[in-house]
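Novice: Let me give you the structure first, and then I'll get to my questions.
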Amino acid sequence: MIRAIYVTFGLFLLSPFEVKADCYQWPIREKIAYDGDTLYILLSGLPETIQNVSVRVRGVDTPEIRSKCEFEKQLAFEAKSLLISRVQQAKDVLFCHPEWGKYGGRVLADVYIDGENVADLMIANSLGRPYFGGKRAGWCS
């Protein structure tokens, strides 16, 4: 079953949703984001059980919604709000260089909203830190 999911998703990456080399305009779900670095997309045409996919934004770590630290939670909701606002106003949301993430069945991708890299957006607004793997730094002392 898992193999079938990977094969199906791999075939979907080759589908007509392709916009330019290795970038895709996937439909955003009604519930847009979990936090500042995770978007929800809907891959219609796939079996219903695997249509809903989470996409993790490559290159950034944003505060965690489920943190025990209130300051981090507050920052997490600010990051989520910024991401949702930008997506709702966007003409174009591109998911580039997608690959399976190593946790939770998420896809990892460079994400661009109207040409702006979401990782850079979060970092510029002090709502994210550069992240390319390894141990993440905490947001609270």
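Here, A, B, ... name the chains of the structure tokens in the order displayed, residue numbers run from 1 inside each chain, and ligands are numbered from 1 in the same displayed order.
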What's the 8 Å shell around Val111 of chain A, counting only C-alpha atoms, without same-chain residues fewer than 3 positions away, as a ChimeraX atom specification?
Specialist: /A:57-58,93-96,117-119
Novice: Skipping near chain neighbours, those fewer than 2 positions away, what residues fall within 7 Å of segment 80-84 of chain A using only C-alpha atoms, listed as a list of chain:residue names?
Specialist: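 With the cut-off at 7 Å, the set is A:Ile32, A:Ala33, A:Tyr34, A:Asp35, A:Gly36, A:Ala76, A:Phe77, A:Glu78, A:Arg86, A:Val87, A:Gln88.
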Novice: Give the answer as one residue: which of A:Ser141, A:Ser126, A:Gln25, A:Asn52 has the shortest atom-to-atom distance to Pro98 of chain A, using only C-alpha atoms?
Specialist: A:Gln25
Novice: Can you pull out every residue from segment 5-133 of chain A that DSSP, working from the backbone, puts in alpha helix (DSSP H), and format the result as a PyMOL selection string?
Specialist: chain A and resi 5-13+70-89+118-124
Novice: When distances are computed from only C-alpha atoms, which of A:Ile50, A:Ile65, A:Ile113, A:Cys23 shows the smallest separation from Asp92 of chain A?
Specialist: A:Ile113
